[in-house]
>>> print(open('entry39.csv').read())   # CSV, C-alpha atoms and all ligand atoms
chain,number,residue,atom,x,y,z
A,1,MET,CA,29.0,33.1,-2.0
A,2,PHE,CA,28.0,32.1,-5.5
A,3,ASN,CA,24.5,33.1,-6.6
A,4,SER,CA,22.5,30.9,-8.9
A,5,ASN,CA,23.8,32.4,-12.2
A,6,THR,CA,27.4,32.4,-11.1
A,7,THR,CA,29.5,29.8,-12.9
A,8,SER,CA,31.6,28.0,-10.3
A,9,LEU,CA,35.3,28.4,-10.8
A,10,VAL,CA,36.0,25.8,-8.2
A,11,ALA,CA,33.9,22.6,-8.8
A,12,PRO,CA,35.3,21.0,-12.0
A,13,SER,CA,32.6,20.1,-14.5
A,14,ILE,CA,32.3,16.3,-15.0
A,15,ILE,CA,33.2,15.7,-18.7
A,16,GLN,CA,33.2,11.9,-18.9
A,17,GLU,CA,32.8,9.0,-16.5
A,18,PHE,CA,33.5,5.3,-17.0
A,19,PHE,CA,32.0,3.7,-13.9
A,20,THR,CA,32.6,0.0,-14.7
A,21,MET,CA,35.8,-1.8,-15.6
A,22,LYS,CA,35.7,-3.4,-19.1
A,23,VAL,CA,36.9,-7.0,-19.1
A,24,GLN,CA,37.9,-9.0,-22.2
A,25,ARG,CA,39.4,-12.5,-22.4
A,26,LEU,CA,41.6,-12.9,-25.5
A,27,ALA,CA,41.9,-15.8,-27.8
A,28,VAL,CA,44.0,-17.5,-25.1
A,29,PRO,CA,41.4,-17.0,-22.4
A,30,GLU,CA,43.9,-16.9,-19.5
A,31,VAL,CA,45.1,-13.6,-20.9
A,32,ILE,CA,42.7,-10.9,-19.9
A,33,LEU,CA,42.4,-7.3,-21.1
A,34,VAL,CA,40.9,-4.9,-18.6
A,35,THR,CA,40.1,-1.2,-18.8
A,36,PRO,CA,39.6,0.3,-15.4
A,37,PRO,CA,37.1,3.2,-14.9
A,38,ARG,CA,38.5,6.8,-15.5
A,39,PHE,CA,36.8,10.0,-14.3
A,40,GLU,CA,37.6,12.9,-16.5
A,41,ASP,CA,36.8,16.5,-15.6
A,42,SER,CA,38.1,20.0,-16.5
A,43,ARG,CA,41.2,19.4,-14.3
A,44,GLY,CA,42.2,16.1,-16.0
A,45,PHE,CA,41.2,12.6,-14.7
A,46,PHE,CA,41.2,10.3,-11.8
A,47,SER,CA,41.4,6.5,-12.1
A,48,GLU,CA,41.7,3.6,-9.7
A,49,THR,CA,44.4,1.8,-11.8
A,50,TYR,CA,44.4,-1.1,-9.5
A,51,ASN,CA,41.5,-2.3,-7.3
A,52,ALA,CA,42.0,-5.8,-5.9
A,53,GLU,CA,38.3,-6.5,-5.7
A,54,ARG,CA,37.6,-5.5,-9.3
A,55,MET,CA,40.6,-7.4,-10.6
A,56,HIS,CA,39.6,-10.5,-8.6
A,57,ASP,CA,36.1,-10.3,-10.1
A,58,ALA,CA,37.8,-10.1,-13.6
A,59,GLY,CA,39.8,-13.3,-12.9
A,60,ILE,CA,43.1,-11.7,-11.9
A,61,THR,CA,43.4,-13.3,-8.4
A,62,LEU,CA,47.2,-13.8,-7.8
A,63,PRO,CA,48.8,-11.3,-5.3
A,64,PHE,CA,51.4,-8.9,-6.6
A,65,VAL,CA,54.8,-8.4,-4.9
A,66,GLN,CA,56.7,-6.1,-7.3
A,67,ASP,CA,56.0,-3.1,-9.4
A,68,ASN,CA,58.2,-2.4,-12.5
A,69,GLN,CA,58.5,0.7,-14.7
A,70,SER,CA,60.4,1.0,-17.9
A,71,LEU,CA,60.9,3.9,-20.3
A,72,SER,CA,61.7,3.3,-24.0
A,73,ARG,CA,62.8,6.5,-25.6
A,74,GLN,CA,62.3,5.5,-29.2
A,75,LYS,CA,59.5,4.0,-31.3
A,76,GLY,CA,60.5,0.5,-32.4
A,77,VAL,CA,62.1,-0.7,-29.1
A,78,VAL,CA,61.4,-4.3,-28.5
A,79,ARG,CA,61.7,-5.8,-25.0
A,80,GLY,CA,61.2,-9.5,-24.8
A,81,LEU,CA,60.2,-12.2,-25.1
A,82,HIS,CA,60.9,-12.9,-21.5
A,83,CYS,CA,59.9,-15.0,-18.5
A,84,GLN,CA,61.2,-16.3,-15.2
A,85,LEU,CA,61.1,-20.1,-14.5
A,86,ALA,CA,59.4,-21.6,-11.5
A,87,PRO,CA,59.5,-21.0,-8.6
A,88,TYR,CA,60.0,-17.4,-9.7
A,89,ALA,CA,57.5,-17.5,-12.6
A,90,GLN,CA,55.7,-14.2,-12.8
A,91,GLY,CA,52.2,-13.2,-13.6
A,92,LYS,CA,52.2,-9.6,-15.0
A,93,LEU,CA,49.6,-6.8,-15.1
A,94,ILE,CA,50.9,-4.4,-17.7
A,95,ARG,CA,49.8,-0.9,-18.6
A,96,CYS,CA,51.3,1.9,-20.7
A,97,THR,CA,51.1,5.3,-19.0
A,98,LYS,CA,52.8,7.4,-21.7
A,99,GLY,CA,52.7,6.7,-25.4
A,100,ALA,CA,51.6,3.3,-26.8
A,101,ILE,CA,52.9,-0.2,-27.0
A,102,TRP,CA,51.9,-3.5,-28.7
A,103,ASP,CA,52.0,-6.0,-25.9
A,104,VAL,CA,52.4,-9.8,-26.6
A,105,ALA,CA,51.8,-12.9,-24.6
A,106,VAL,CA,52.9,-16.4,-25.7
A,107,ASP,CA,51.6,-19.6,-24.1
A,108,ALA,CA,54.7,-21.5,-23.1
A,109,ARG,CA,53.0,-24.2,-21.0
A,110,THR,CA,53.7,-27.7,-22.3
A,111,GLY,CA,50.4,-29.6,-22.4
A,112,SER,CA,48.3,-26.4,-22.9
A,113,PRO,CA,45.8,-26.6,-25.8
A,114,THR,CA,47.1,-23.2,-26.8
A,115,TYR,CA,50.8,-24.0,-26.5
A,116,GLY,CA,52.8,-21.8,-28.7
A,117,LYS,CA,49.8,-19.5,-29.5
A,118,TRP,CA,50.4,-15.8,-29.1
A,119,VAL,CA,47.9,-13.0,-28.4
A,120,ALA,CA,48.5,-9.2,-28.3
A,121,ALA,CA,46.8,-6.0,-27.5
A,122,GLU,CA,47.7,-2.3,-27.9
A,123,LEU,CA,48.1,-0.6,-24.5
A,124,SER,CA,48.3,3.2,-24.4
A,125,GLU,CA,47.9,6.2,-22.2
A,126,ASP,CA,44.8,6.9,-24.4
A,127,ASN,CA,43.0,3.6,-24.2
A,128,TRP,CA,44.0,3.1,-20.6
A,129,SER,CA,43.8,-0.7,-21.0
A,130,GLN,CA,45.9,-3.2,-19.0
A,131,LEU,CA,46.9,-6.8,-20.0
A,132,TRP,CA,47.0,-9.6,-17.5
A,133,ILE,CA,49.5,-12.3,-18.5
A,134,PRO,CA,49.7,-15.3,-16.1
A,135,PRO,CA,52.8,-17.3,-15.1
A,136,GLY,CA,53.8,-19.7,-17.8
A,137,PHE,CA,53.7,-17.2,-20.6
A,138,LEU,CA,56.4,-15.3,-22.4
A,139,HIS,CA,55.9,-11.5,-22.4
A,140,GLY,CA,57.2,-8.9,-24.7
A,141,PHE,CA,56.3,-5.6,-26.3
A,142,CYS,CA,57.3,-3.2,-29.1
A,143,THR,CA,56.8,0.5,-28.7
A,144,LEU,CA,54.5,2.3,-31.1
A,145,THR,CA,55.6,5.8,-30.0
A,146,ASP,CA,58.7,7.5,-28.7
A,147,ASN,CA,59.0,7.8,-24.9
A,148,ALA,CA,56.7,4.8,-24.2
A,149,GLU,CA,56.4,4.4,-20.4
A,150,VAL,CA,55.3,1.0,-19.2
A,151,GLN,CA,54.3,0.1,-15.6
A,152,TYR,CA,53.6,-3.4,-14.6
A,153,LYS,CA,52.8,-5.4,-11.4
A,154,CYS,CA,54.5,-8.8,-10.9
A,155,THR,CA,53.4,-11.8,-8.8
A,156,ALA,CA,57.0,-12.9,-8.1
A,157,LEU,CA,60.2,-11.1,-7.3
A,158,TYR,CA,62.9,-10.6,-9.9
A,159,ASN,CA,65.3,-13.5,-10.0
A,160,LYS,CA,68.0,-13.1,-12.6
A,161,ALA,CA,69.2,-16.7,-12.6
A,162,SER,CA,65.7,-17.9,-13.5
A,163,GLU,CA,65.3,-15.4,-16.4
A,164,ARG,CA,64.8,-16.9,-19.9
A,165,ALA,CA,64.4,-15.3,-23.3
A,166,VAL,CA,63.1,-16.2,-26.7
A,167,ILE,CA,64.0,-14.2,-29.8
A,168,TRP,CA,61.2,-11.7,-30.5
A,169,ASN,CA,60.7,-12.8,-34.1
A,170,SER,CA,61.1,-16.5,-33.5
A,171,LYS,CA,60.1,-18.4,-36.7
A,172,ASP,CA,58.4,-20.9,-34.4
A,173,LEU,CA,55.8,-18.3,-33.4
A,174,ASN,CA,55.3,-16.0,-36.4
A,175,ILE,CA,54.1,-13.1,-34.3
A,176,ALA,CA,52.6,-10.4,-36.5
A,177,TRP,CA,54.7,-7.5,-34.9
A,178,PRO,CA,53.6,-4.1,-36.2
A,179,ILE,CA,57.2,-3.0,-36.9
A,180,LYS,CA,59.7,-4.0,-39.6
A,181,GLU,CA,62.6,-6.3,-38.4
A,182,GLU,CA,65.2,-3.8,-39.6
A,183,ALA,CA,63.6,-1.1,-37.4
A,184,ALA,CA,63.6,-3.1,-34.2
A,185,ILE,CA,65.8,-1.8,-31.4
A,186,LEU,CA,66.9,-4.6,-29.0
A,187,SER,CA,69.1,-5.1,-26.0
A,188,GLU,CA,72.3,-7.3,-26.4
A,189,LYS,CA,70.6,-10.0,-24.4
A,190,ASP,CA,67.5,-10.0,-26.6
A,191,LEU,CA,69.5,-10.0,-29.9
A,192,ILE,CA,71.1,-13.4,-29.0
A,193,ALA,CA,68.0,-15.2,-27.6
A,194,GLY,CA,67.0,-18.6,-28.9
A,195,GLU,CA,64.0,-19.8,-30.8
A,196,PHE,CA,60.7,-20.8,-29.1
A,197,SER,CA,61.6,-24.5,-29.7
A,198,ASP,CA,64.3,-24.0,-27.1
A,199,ALA,CA,61.6,-23.2,-24.5
A,200,LYS,CA,60.2,-26.7,-24.4
A,201,GLY,CA,59.7,-27.9,-20.8
A,202,TRP,CA,60.0,-24.4,-19.3
A,203,PHE,CA,56.5,-24.6,-18.0
A,204,HIS,CA,53.7,-27.1,-17.7
A,205,VAL,CA,49.9,-26.7,-17.3
B,301,LIG,C1,63.3,-7.3,-15.2
B,301,LIG,C2,64.2,-6.6,-14.1
B,301,LIG,C3,65.4,-6.1,-14.5
B,301,LIG,N1,66.2,-5.5,-13.5
B,301,LIG,C4,67.4,-4.9,-13.9
B,301,LIG,C5,68.4,-5.8,-14.6
B,301,LIG,C6,69.1,-5.0,-15.7
B,301,LIG,O1,70.3,-4.5,-15.1
B,301,LIG,C7,68.1,-3.9,-15.9
B,301,LIG,C8,67.4,-4.0,-17.3
B,301,LIG,O2,66.8,-5.3,-17.3
B,301,LIG,P1,66.3,-5.8,-18.7
B,301,LIG,O3,67.2,-5.4,-19.8
B,301,LIG,O4,66.1,-7.3,-18.5
B,301,LIG,O5,64.9,-5.1,-18.9
B,301,LIG,P2,63.8,-5.5,-20.0
B,301,LIG,O6,64.4,-5.8,-21.3
B,301,LIG,O7,62.8,-4.4,-19.9
B,301,LIG,O8,63.2,-6.8,-19.3
B,301,LIG,C9,61.8,-6.9,-19.0
B,301,LIG,O9,61.1,-7.0,-20.3
B,301,LIG,C10,60.0,-7.8,-20.4
B,301,LIG,C11,59.0,-7.0,-21.2
B,301,LIG,C12,59.4,-8.3,-19.1
B,301,LIG,O10,58.2,-8.7,-19.1
B,301,LIG,C13,60.3,-8.5,-18.0
B,301,LIG,O11,59.7,-7.9,-16.8
B,301,LIG,C14,61.7,-8.1,-18.1
B,301,LIG,O12,62.4,-9.2,-18.7
B,301,LIG,O13,67.1,-3.9,-14.9
B,301,LIG,C15,65.8,-5.4,-12.2
B,301,LIG,O14,66.5,-4.9,-11.3
B,301,LIG,N2,64.6,-6.0,-11.8
B,301,LIG,C16,63.8,-6.6,-12.7
B,301,LIG,O15,62.7,-7.1,-12.4
>>> encode(input="entry39.csv", output="structure tokens", more="lines below")
Ligand SMILES: Cc1cn([C@H]2C[C@H](O)[C@@H](COP(=O)(O)OP(=O)(O)O[C@H]3O[C@H](C)C(=O)[C@H](O)[C@H]3O)O2)c(=O)[nH]c1=O
Amino acid sequence: MFNSNTTSLVAPSIIQEFFTMKVQRLAVPEVILVTPPRFEDSRGFFSETYNAERMHDAGITLPFVQDNQSLSRQKGVVRGLHCQLAPYAQGKLIRCTKGAIWDVAVDARTGSPTYGKWVAAELSEDNWSQLWIPPGFLHGFCTLTDNAEVQYKCTALYNKASERAVIWNSKDLNIAWPIKEEAAILSEKDLIAGEFSDAKGWFHV
């Protein structure tokens, strides 16, 4: 048994606790940045990365049906700007579990007061934030580190035939990507995507 002046080698000391989930609506208010609580102690940390009740209270109410994970081995990889058309349009809840990414959402809903407006947030294993992007938006990210691992929940299943893409640096959007054009690493598919003007009519509010 431990006596009163014995330092326990079993019970980890609590170093830092975030009890509540931070919630921030971005300049396009349907896009929501959340940071779930994380309990750090001498072993490491524990976090409820998805809690349906907390997410619902934050305004993220659609059910998820698919989890995705991608690894990008180099800094400067750009994936996107992608979406799936209805009835396979996807809402996505994105987080970066290794390294860091700059995550972008573009409002592609004809009739929306923020049509063509983009918002972005840095997501990283350090800041532990997640970005909710509803159906009707284009999604893309660029990696800020090597070996950036991204995990995201989707509200509709993958449907290749309904996939659409817009070129990441579309002159119609002027997204302030934090990487130089010549440094971007893209898939064949993304290299030949069209301008945002080609996306007219893909979605409606
Ligand atoms: C998206 C997806 C892809 N795949 C297969 C199809 C390809 O053989 C392979 C790579 O697909 P892709 O090059 O489209 O992967 P990304 O470029 O990361 O695409 C994603 O990038 C942006 C950031 C997104 O938000 C979308 O989820 C998605 O479009 O995975 C599947 O089997 N299921 C899927 O849901």
>>> residues_near_ligand(input="entry39.csv", ligand="ligand LIG 301 (chain B)", cutoff="9 Å", atoms="all atoms listed in the file", output="NGL selection string")
:A and (66-72 or 78-84 or 90 or 92 or 94 or 103-104 or 138-142 or 152 or 154 or 157-160 or 163-165 or 186-190)
>>> write_last_selection(input="entry39.csv", atoms="C-alpha atoms", output="compact mmCIF listing (two decimals), keeping the file's coordinate frame")
# COMPACT_ATOMS: atom_id res chain seq x y z
CA GLN A 66 56.70 -6.10 -7.30
CA ASP A 67 56.00 -3.10 -9.40
CA ASN A 68 58.20 -2.40 -12.50
CA GLN A 69 58.50 0.70 -14.70
CA SER A 70 60.40 1.00 -17.90
CA LEU A 71 60.90 3.90 -20.30
CA SER A 72 61.70 3.30 -24.00
CA VAL A 78 61.40 -4.30 -28.50
CA ARG A 79 61.70 -5.80 -25.00
CA GLY A 80 61.20 -9.50 -24.80
CA LEU A 81 60.20 -12.20 -25.10
CA HIS A 82 60.90 -12.90 -21.50
CA CYS A 83 59.90 -15.00 -18.50
CA GLN A 84 61.20 -16.30 -15.20
CA GLN A 90 55.70 -14.20 -12.80
CA LYS A 92 52.20 -9.60 -15.00
CA ILE A 94 50.90 -4.40 -17.70
CA ASP A 103 52.00 -6.00 -25.90
CA VAL A 104 52.40 -9.80 -26.60
CA LEU A 138 56.40 -15.30 -22.40
CA HIS A 139 55.90 -11.50 -22.40
CA GLY A 140 57.20 -8.90 -24.70
CA PHE A 141 56.30 -5.60 -26.30
CA CYS A 142 57.30 -3.20 -29.10
CA TYR A 152 53.60 -3.40 -14.60
CA CYS A 154 54.50 -8.80 -10.90
CA LEU A 157 60.20 -11.10 -7.30
CA TYR A 158 62.90 -10.60 -9.90
CA ASN A 159 65.30 -13.50 -10.00
CA LYS A 160 68.00 -13.10 -12.60
CA GLU A 163 65.30 -15.40 -16.40
CA ARG A 164 64.80 -16.90 -19.90
CA ALA A 165 64.40 -15.30 -23.30
CA LEU A 186 66.90 -4.60 -29.00
CA SER A 187 69.10 -5.10 -26.00
CA GLU A 188 72.30 -7.30 -26.40
CA LYS A 189 70.60 -10.00 -24.40
CA ASP A 190 67.50 -10.00 -26.60
>>> closest_atom_pairs(input="entry39.csv", of="segment 68-127 of chain A", to="segment 172-176 of chain A", cutoff="10 Å", atoms="all atoms listed in the file", output="tab-separated table")
residue	atom	partner	partner_atom	distance
A:Val104	CA	A:Ile175	CA	8.5
A:Ala105	CA	A:Ile175	CA	10.0
A:Val106	CA	A:Leu173	CA	8.4
A:Gly116	CA	A:Leu173	CA	6.6
A:Lys117	CA	A:Leu173	CA	7.3
A:Trp118	CA	A:Ile175	CA	6.9
A:Val119	CA	A:Ile175	CA	8.6
A:Ala120	CA	A:Ile175	CA	9.1
>>> atom_distance(input="entry39.csv", atom1="atom CA of Tyr50 of chain A", atom2="atom CA of Ala86 of chain A")
25.5 Å
>>> atom_distance(input="entry39.csv", atom1="atom CA of Trp202 of chain A", atom2="atom CA of Gly76 of chain A")
28.1 Å
>>> atom_distance(input="entry39.csv", atom1="atom CA of Trp132 of chain A", atom2="atom CA of Asp41 of chain A")
28.1 Å
>>> residues_around(input="entry39.csv", residues="Gly194 of chain A", least_positions_apart="2", cutoff="8 Å", atoms="all atoms listed in the file", output="list in words")
Ala165, Val166, Ile167, Ser170, Ile192, Phe196 and Asp198 of chain A
>>> closest_residue(input="entry39.csv", among="A:Pro29, A:Phe39, A:Val77, A:Gly44", to="Ala58 of chain A", atoms="only C-alpha atoms")
A:Pro29
>>> closest_residue(input="entry39.csv", among="A:Arg43, A:Glu48, A:Gln74, A:Ala27", to="Asp146 of chain A", atoms="only C-alpha atoms")
A:Gln74
>>> residues_around(input="entry39.csv", residues="Lys98 of chain A", least_positions_apart="2", cutoff="6 Å", atoms="all atoms listed in the file", output="count of residues only")
4
